[in-house]
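Trainee: To be precise about what I am sending: the file is called start16.json and holds JSON, C-alpha atoms.
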```json
[["chain", "number", "residue", "atom", "x", "y", "z"],
["A", 1, "MET", "CA", 7.17, 148.62, -49.68],
["A", 2, "ALA", "CA", 3.69, 150.16, -49.42],
["A", 3, "LYS", "CA", 1.79, 149.76, -46.16],
["A", 4, "LYS", "CA", -1.06, 147.26, -46.50],
["A", 5, "PHE", "CA", -4.31, 147.59, -44.56],
["A", 6, "ILE", "CA", -7.45, 145.56, -44.03],
["A", 7, "VAL", "CA", -10.34, 146.24, -46.42],
["A", 8, "GLU", "CA", -13.73, 145.59, -44.84],
["A", 9, "THR", "CA", -17.04, 145.27, -46.65],
["A", 10, "SER", "CA", -19.67, 147.27, -44.81],
["A", 11, "ALA", "CA", -23.19, 145.91, -45.33],
["A", 12, "ARG", "CA", -26.31, 148.09, -45.14],
["A", 13, "HIS", "CA", -26.87, 149.54, -41.70],
["A", 14, "VAL", "CA", -28.52, 152.30, -39.68],
["A", 15, "HIS", "CA", -27.21, 154.85, -37.17],
["A", 16, "LEU", "CA", -29.89, 156.25, -34.81],
["A", 17, "THR", "CA", -30.30, 159.24, -32.55],
["A", 18, "ASP", "CA", -31.41, 158.62, -28.95],
["A", 19, "ALA", "CA", -34.85, 160.08, -29.77],
["A", 20, "ASP", "CA", -35.34, 157.91, -32.87],
["A", 21, "LEU", "CA", -34.15, 154.83, -30.93],
["A", 22, "GLU", "CA", -36.97, 155.42, -28.42],
["A", 23, "VAL", "CA", -39.59, 155.88, -31.16],
["A", 24, "LEU", "CA", -38.54, 152.63, -32.86],
["A", 25, "PHE", "CA", -37.85, 150.48, -29.77],
["A", 26, "GLY", "CA", -39.83, 152.10, -26.94],
["A", 27, "LYS", "CA", -39.33, 154.62, -24.17],
["A", 28, "GLY", "CA", -36.02, 154.22, -22.39],
["A", 29, "ALA", "CA", -34.62, 151.91, -25.10],
["A", 30, "LYS", "CA", -30.85, 151.47, -25.14],
["A", 31, "LEU", "CA", -28.70, 149.79, -27.80],
["A", 32, "THR", "CA", -27.64, 146.23, -26.99],
["A", 33, "PRO", "CA", -24.07, 145.55, -28.21],
["A", 34, "LYS", "CA", -23.75, 142.30, -30.16],
["A", 35, "LYS", "CA", -20.27, 142.53, -31.71],
["A", 36, "ASP", "CA", -17.45, 145.06, -31.60],
["A", 37, "LEU", "CA", -16.44, 146.56, -34.96],
["A", 38, "SER", "CA", -12.92, 147.43, -36.10],
["A", 39, "GLN", "CA", -13.30, 151.12, -35.29],
["A", 40, "PRO", "CA", -12.79, 151.79, -31.56],
["A", 41, "GLY", "CA", -16.05, 152.17, -29.63],
["A", 42, "GLN", "CA", -18.24, 151.14, -32.58],
["A", 43, "PHE", "CA", -20.43, 148.05, -32.38],
["A", 44, "ALA", "CA", -23.17, 146.10, -34.15],
["A", 45, "CYS", "CA", -26.36, 145.83, -32.10],
["A", 46, "GLU", "CA", -28.99, 143.20, -31.41],
["A", 47, "GLU", "CA", -31.57, 145.79, -32.54],
["A", 48, "ARG", "CA", -32.76, 145.70, -36.15],
["A", 49, "VAL", "CA", -35.13, 147.81, -38.21],
["A", 50, "ASP", "CA", -36.98, 147.45, -41.49],
["A", 51, "LEU", "CA", -36.18, 149.87, -44.32],
["A", 52, "VAL", "CA", -39.38, 150.69, -46.20],
["A", 53, "GLY", "CA", -39.07, 152.37, -49.58],
["A", 54, "PRO", "CA", -41.63, 153.14, -52.29],
["A", 55, "LYS", "CA", -40.79, 149.90, -54.17],
["A", 56, "LYS", "CA", -39.78, 147.33, -51.54],
["A", 57, "THR", "CA", -38.86, 146.67, -47.93],
["A", 58, "ILE", "CA", -35.54, 145.34, -46.69],
["A", 59, "ALA", "CA", -36.21, 143.65, -43.35],
["A", 60, "ARG", "CA", -34.04, 143.29, -40.26],
["A", 61, "VAL", "CA", -31.26, 145.75, -41.09],
["A", 62, "SER", "CA", -28.51, 146.09, -38.48],
["A", 63, "VAL", "CA", -28.34, 149.08, -36.19],
["A", 64, "LEU", "CA", -24.81, 150.22, -35.29],
["A", 65, "GLY", "CA", -23.88, 151.93, -32.06],
["A", 66, "PRO", "CA", -23.32, 154.10, -30.26],
["A", 67, "THR", "CA", -26.18, 156.52, -31.01],
["A", 68, "ARG", "CA", -25.37, 159.62, -33.04],
["A", 69, "SER", "CA", -26.50, 163.22, -33.41],
["A", 70, "HIS", "CA", -28.32, 162.43, -36.70],
["A", 71, "THR", "CA", -30.09, 159.30, -37.92],
["A", 72, "GLN", "CA", -28.41, 157.95, -41.04],
["A", 73, "VAL", "CA", -29.11, 154.96, -43.28],
["A", 74, "GLU", "CA", -26.22, 153.53, -45.31],
["A", 75, "VAL", "CA", -27.12, 151.30, -48.25],
["A", 76, "SER", "CA", -25.46, 150.14, -51.45],
["A", 77, "LEU", "CA", -26.66, 151.59, -54.76],
["A", 78, "THR", "CA", -28.23, 148.19, -55.50],
["A", 79, "ASP", "CA", -30.17, 148.42, -52.21],
["A", 80, "ALA", "CA", -31.29, 151.95, -53.13],
["A", 81, "ARG", "CA", -32.68, 150.73, -56.48],
["A", 82, "THR", "CA", -34.39, 147.79, -54.75],
["A", 83, "LEU", "CA", -36.02, 150.12, -52.21],
["A", 84, "GLY", "CA", -36.81, 152.81, -54.79],
["A", 85, "VAL", "CA", -34.96, 155.52, -52.85],
["A", 86, "THR", "CA", -32.28, 158.08, -53.63],
["A", 87, "ALA", "CA", -28.89, 157.42, -52.03],
["A", 88, "PRO", "CA", -26.25, 159.95, -53.07],
["A", 89, "VAL", "CA", -22.62, 158.87, -52.62],
["A", 90, "ARG", "CA", -21.47, 160.82, -49.57],
["A", 91, "GLU", "CA", -19.15, 160.73, -46.60],
["A", 92, "SER", "CA", -20.79, 159.59, -43.39],
["A", 93, "GLY", "CA", -22.56, 162.48, -41.68],
["A", 94, "ASP", "CA", -23.12, 164.45, -44.92],
["A", 95, "ILE", "CA", -26.86, 163.88, -45.11],
["A", 96, "ALA", "CA", -28.25, 167.31, -46.11],
["A", 97, "GLY", "CA", -30.54, 166.80, -49.10],
["A", 98, "SER", "CA", -29.98, 163.03, -49.15],
["A", 99, "GLY", "CA", -32.62, 160.34, -49.64],
["A", 100, "ALA", "CA", -35.84, 159.79, -47.71],
["A", 101, "ILE", "CA", -37.06, 156.49, -46.24],
["A", 102, "THR", "CA", -39.30, 154.98, -43.57],
["A", 103, "LEU", "CA", -37.75, 153.09, -40.66],
["A", 104, "VAL", "CA", -39.95, 150.55, -38.85],
["A", 105, "GLY", "CA", -39.12, 149.08, -35.46],
["A", 106, "PRO", "CA", -41.10, 146.96, -32.99],
["A", 107, "ALA", "CA", -42.49, 150.03, -31.14],
["A", 108, "GLY", "CA", -43.03, 152.54, -33.94],
["A", 109, "GLN", "CA", -41.87, 154.04, -37.20],
["A", 110, "ILE", "CA", -40.08, 157.14, -38.44],
["A", 111, "GLU", "CA", -40.42, 158.95, -41.75],
["A", 112, "LEU", "CA", -36.94, 160.26, -42.54],
["A", 113, "THR", "CA", -37.05, 163.17, -44.97],
["A", 114, "GLU", "CA", -33.28, 162.85, -45.47],
["A", 115, "GLY", "CA", -30.53, 160.59, -44.23],
["A", 116, "VAL", "CA", -30.11, 157.82, -46.83],
["A", 117, "ILE", "CA", -26.64, 157.66, -48.39],
["A", 118, "ALA", "CA", -24.34, 155.26, -50.18],
["A", 119, "ALA", "CA", -21.13, 155.70, -48.20],
["A", 120, "LYS", "CA", -18.18, 157.04, -50.17],
["A", 121, "ARG", "CA", -15.43, 154.45, -50.00],
["A", 122, "HIS", "CA", -12.94, 155.55, -47.39],
["A", 123, "ILE", "CA", -9.89, 154.75, -45.30],
["A", 124, "HIS", "CA", -9.99, 155.31, -41.55],
["A", 125, "ALA", "CA", -6.45, 156.09, -40.40],
["A", 126, "ASP", "CA", -4.82, 157.06, -37.15],
["A", 127, "PRO", "CA", -2.31, 159.95, -37.49],
["A", 128, "ALA", "CA", 0.77, 157.68, -37.30],
["A", 129, "SER", "CA", -0.51, 155.34, -40.05],
["A", 130, "ALA", "CA", -1.50, 158.32, -42.22],
["A", 131, "ALA", "CA", 1.99, 159.81, -41.85],
["A", 132, "GLU", "CA", 3.58, 156.46, -42.67],
["A", 133, "MET", "CA", 1.49, 156.25, -45.86],
["A", 134, "GLY", "CA", 2.15, 159.91, -46.75],
["A", 135, "VAL", "CA", -1.51, 160.99, -46.66],
["A", 136, "LYS", "CA", -3.56, 163.49, -44.69],
["A", 137, "ASP", "CA", -7.21, 163.99, -43.77],
["A", 138, "LYS", "CA", -9.51, 164.44, -46.81],
["A", 139, "ASP", "CA", -6.88, 163.29, -49.35],
["A", 140, "ILE", "CA", -8.35, 161.37, -52.28],
["A", 141, "VAL", "CA", -6.32, 158.29, -53.20],
["A", 142, "LYS", "CA", -6.35, 155.12, -55.28],
["A", 143, "VAL", "CA", -6.30, 151.75, -53.52],
["A", 144, "LYS", "CA", -5.31, 148.45, -55.10],
["A", 145, "LEU", "CA", -7.02, 145.30, -53.80],
["A", 146, "ASP", "CA", -5.43, 141.95, -54.59],
["A", 147, "THR", "CA", -8.23, 139.43, -54.74],
["A", 148, "GLU", "CA", -8.45, 136.10, -56.52],
["A", 149, "GLY", "CA", -9.44, 136.68, -60.14],
["A", 150, "ARG", "CA", -10.84, 140.20, -59.61],
["A", 151, "ALA", "CA", -7.98, 142.40, -58.42],
["A", 152, "LEU", "CA", -8.83, 146.03, -59.03],
["A", 153, "ILE", "CA", -7.94, 149.61, -58.21],
["A", 154, "PHE", "CA", -10.55, 151.81, -56.52],
["A", 155, "ASP", "CA", -10.23, 155.51, -57.31],
["A", 156, "ASP", "CA", -11.92, 158.34, -55.36],
["A", 157, "VAL", "CA", -11.13, 156.86, -51.94],
["A", 158, "VAL", "CA", -11.28, 159.52, -49.22],
["A", 159, "VAL", "CA", -8.80, 159.36, -46.36],
["A", 160, "ARG", "CA", -10.24, 160.18, -42.93],
["A", 161, "VAL", "CA", -7.63, 160.76, -40.23],
["A", 162, "SER", "CA", -8.36, 160.86, -36.51],
["A", 163, "ASP", "CA", -6.75, 159.61, -33.33],
["A", 164, "LYS", "CA", -10.12, 157.90, -32.73],
["A", 165, "TYR", "CA", -9.65, 155.63, -35.79],
["A", 166, "ALA", "CA", -7.98, 152.28, -36.39],
["A", 167, "LEU", "CA", -6.44, 151.72, -39.83],
["A", 168, "ALA", "CA", -9.01, 150.09, -42.15],
["A", 169, "MET", "CA", -10.66, 150.75, -45.50],
["A", 170, "HIS", "CA", -14.44, 150.46, -45.85],
["A", 171, "ILE", "CA", -16.29, 149.60, -49.05],
["A", 172, "ASP", "CA", -19.93, 148.64, -49.56],
["A", 173, "THR", "CA", -21.31, 145.29, -50.70],
["A", 174, "ASP", "CA", -21.50, 146.33, -54.37],
["A", 175, "GLU", "CA", -17.82, 147.27, -54.29],
["A", 176, "GLY", "CA", -16.88, 144.14, -52.35],
["A", 177, "ASN", "CA", -18.68, 141.98, -54.90],
["A", 178, "ALA", "CA", -17.01, 143.78, -57.81],
["A", 179, "ALA", "CA", -13.63, 142.86, -56.32],
["A", 180, "ALA", "CA", -14.70, 139.31, -55.30],
["A", 181, "CYS", "CA", -13.82, 140.10, -51.68],
["A", 182, "SER", "CA", -13.91, 137.02, -49.49],
["A", 183, "GLY", "CA", -12.27, 136.41, -46.14],
["A", 184, "GLU", "CA", -9.47, 138.79, -45.18],
["A", 185, "VAL", "CA", -8.72, 141.27, -47.95],
["A", 186, "PHE", "CA", -5.90, 143.81, -47.92],
["A", 187, "GLY", "CA", -5.32, 146.95, -49.92],
["A", 188, "GLU", "CA", -2.55, 149.44, -50.50],
["A", 189, "ILE", "CA", -2.45, 153.01, -51.76],
["A", 190, "VAL", "CA", -1.08, 153.27, -55.30],
["A", 191, "LYS", "CA", -0.08, 156.30, -57.33]]
```
Go through the file and emit its structure as structure tokens.

Mentor:
Amino acid sequence: MAKKFIVETSARHVHLTDADLEVLFGKGAKLTPKKDLSQPGQFACEERVDLVGPKKTIARVSVLGPTRSHTQVEVSLTDARTLGVTAPVRESGDIAGSGAITLVGPAGQIELTEGVIAAKRHIHADPASAAEMGVKDKDIVKVKLDTEGRALIFDDVVVRVSDKYALAMHIDTDEGNAAACSGEVFGEIVK
């Protein structure tokens, strides 16, 4: 029997550098953890920013911690159209040549010339889980989600393996809505 894993819908969010955190929230600002996320050491923060695009603004978008080496904004393709920005489908961290946007916080704003992406759907897996499922880092797989009335198979799912990960698949809100995800949803790799 195939190994099942949790499928989580990841809403729009922002990852900040220490320097950008200070511009947006003031000198000496630190992230305030609000809720732990499924990936070890990752958390949603009390801090929120506004995403300002050429067409619209999306207010009070969650910041995730801890801080990173590059500021990155992850939105759905629907969000990108609403904002009027470009958001290529990429793996997290692959921001070269990606979309531009303005971030506004209570203490200042930042004009990002790149950093907006729509996250490529992916599975985080620890090495033991990856071995059990017969996959390795950077494999591209298909995942079947069994949801009420909208079961579907996602293709082009990248597997990311690290001993820093806990087994979980991440999709964005557009993908979650397409599959009618609600409550706990599980997936399995299919051939």

Trainee: Listing only residues of stretch 64-153 of chain A within 9 Å of stretch 173-190 of chain A, what is the closest atom pair and its distance in Å (to one decimal) for each, using all atoms listed in the file, sorted by chain and residue number ascending, as a tab-separated table?

Mentor:
```
residue	atom	partner	partner_atom	distance
A:Val75	CA	A:Thr173	CA	8.7
A:Ser76	CA	A:Asp174	CA	6.2
A:Leu77	CA	A:Asp174	CA	7.4
A:Thr78	CA	A:Asp174	CA	7.1
A:Arg121	CA	A:Glu175	CA	8.7
A:Met133	CA	A:Ile189	CA	7.8
A:Val141	CA	A:Ile189	CA	6.7
A:Lys142	CA	A:Val190	CA	5.6
A:Val143	CA	A:Ile189	CA	4.4
A:Lys144	CA	A:Gly187	CA	5.4
A:Leu145	CA	A:Gly187	CA	4.5
A:Asp146	CA	A:Gly187	CA	6.8
A:Thr147	CA	A:Cys181	CA	6.4
A:Glu148	CA	A:Ala180	CA	7.1
A:Gly149	CA	A:Ala180	CA	7.6
A:Arg150	CA	A:Ala179	CA	5.1
A:Ala151	CA	A:Ala179	CA	6.0
A:Leu152	CA	A:Ala179	CA	6.4
A:Ile153	CA	A:Val190	CA	8.3
```

Trainee: Could you check the closest approach to A:Ala118 for each of A:Ala59, A:Leu21, A:Val52, A:Ala11 and tell me which residue wins, using only C-alpha atoms?

Mentor: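 Result for the nearest residue to A:Ala118: A:Ala11.
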
Trainee: Give as a compact mmCIF listing (two decimals) with C-alpha atoms, in the coordinates of the input each residue that has an atom at most 7 Å from (-9.8, 162.2, -44.4) in the file, counting all atoms listed in the file.

Mentor:
```txt
# COMPACT_ATOMS: atom_id res chain seq x y z
CA LYS A 136 -3.56 163.49 -44.69
CA ASP A 137 -7.21 163.99 -43.77
CA LYS A 138 -9.51 164.44 -46.81
CA ASP A 139 -6.88 163.29 -49.35
CA VAL A 158 -11.28 159.52 -49.22
CA VAL A 159 -8.80 159.36 -46.36
CA ARG A 160 -10.24 160.18 -42.93
CA VAL A 161 -7.63 160.76 -40.23
```

Trainee: Please indicate the distance in Å from atom CA of A:Ala128 to atom CA of A:Phe5, rounded to one decimal place.

Mentor: 13.4 Å

Trainee: Determine, counting all atoms listed in the file, which protein, DNA and RNA residues have an atom within 12 Å of an atom of stretch 27-42 of chain A; residues of the same chain fewer than 3 positions away are not included. Present the result as a count of residues only.

Mentor: 43

Trainee: Taking 6 positions as the minimum chain separation for residues in the same chain, which residues sit within 9 Å of A:Thr57 when counting only C-alpha atoms? Answer as JSON, numbers by chain.

Mentor: {"A": [50, 51, 82, 83]}

Trainee: If you measure from atom CA of A:Gly93 to atom CA of A:Glu132, what distance in Å do you get, rounded to one decimal?

Mentor: 26.8 Å

Trainee: Interatomic distance between atom CA of A:Glu91 and atom CA of A:Arg60?

Mentor: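 It comes out at 23.8 Å.
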
Trainee: Which is closer to A:Val73 than all the others in A:Gly99, A:Gly134, A:Pro54, A:Pro127, using all atoms listed in the file?

Mentor: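 Residue with the minimum atom-to-atom distance to A:Val73: A:Gly99.
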
Trainee: When you count all atoms listed in the file, which of these residues is closest to A:Val85: A:Ala100, A:Phe43, A:Arg12, A:Ile110?

Mentor: A:Ala100

Trainee: Once 5 Å is added on each side, what centre and edge lengths in Å to one decimal does the axis-aligned box around all listed atoms of stretch 126-142 of chain A have, as lines of an AutoDock Vina configuration file?

Mentor:
```
center_x = -3.0
center_y = 159.8
center_z = -46.2
size_x = 23.1
size_y = 19.3
size_z = 28.1
```

Trainee: For A:Arg81, please output as number ranges by chain all residues within 10 Å (counting only C-alpha atoms; exclusion window: fewer than 6 positions along the same chain).

Mentor: A: 53, 55-56, 75, 87

Trainee: Select, from A:Thr86, A:Ser69, A:Thr102, A:Ser129, the residue with the minimum atom-to-atom distance to A:Val49, counting only C-alpha atoms.

Mentor: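 Answer, going by the shortest atom-to-atom distance: A:Thr102.
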
Trainee: Using all atoms listed in the file, which of A:Ala131, A:Val14, A:Ile171, A:Ile140 sits nearest A:Leu103?

Mentor: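 When distances to A:Leu103 are compared using all atoms listed in the file, the smallest one comes from A:Val14.
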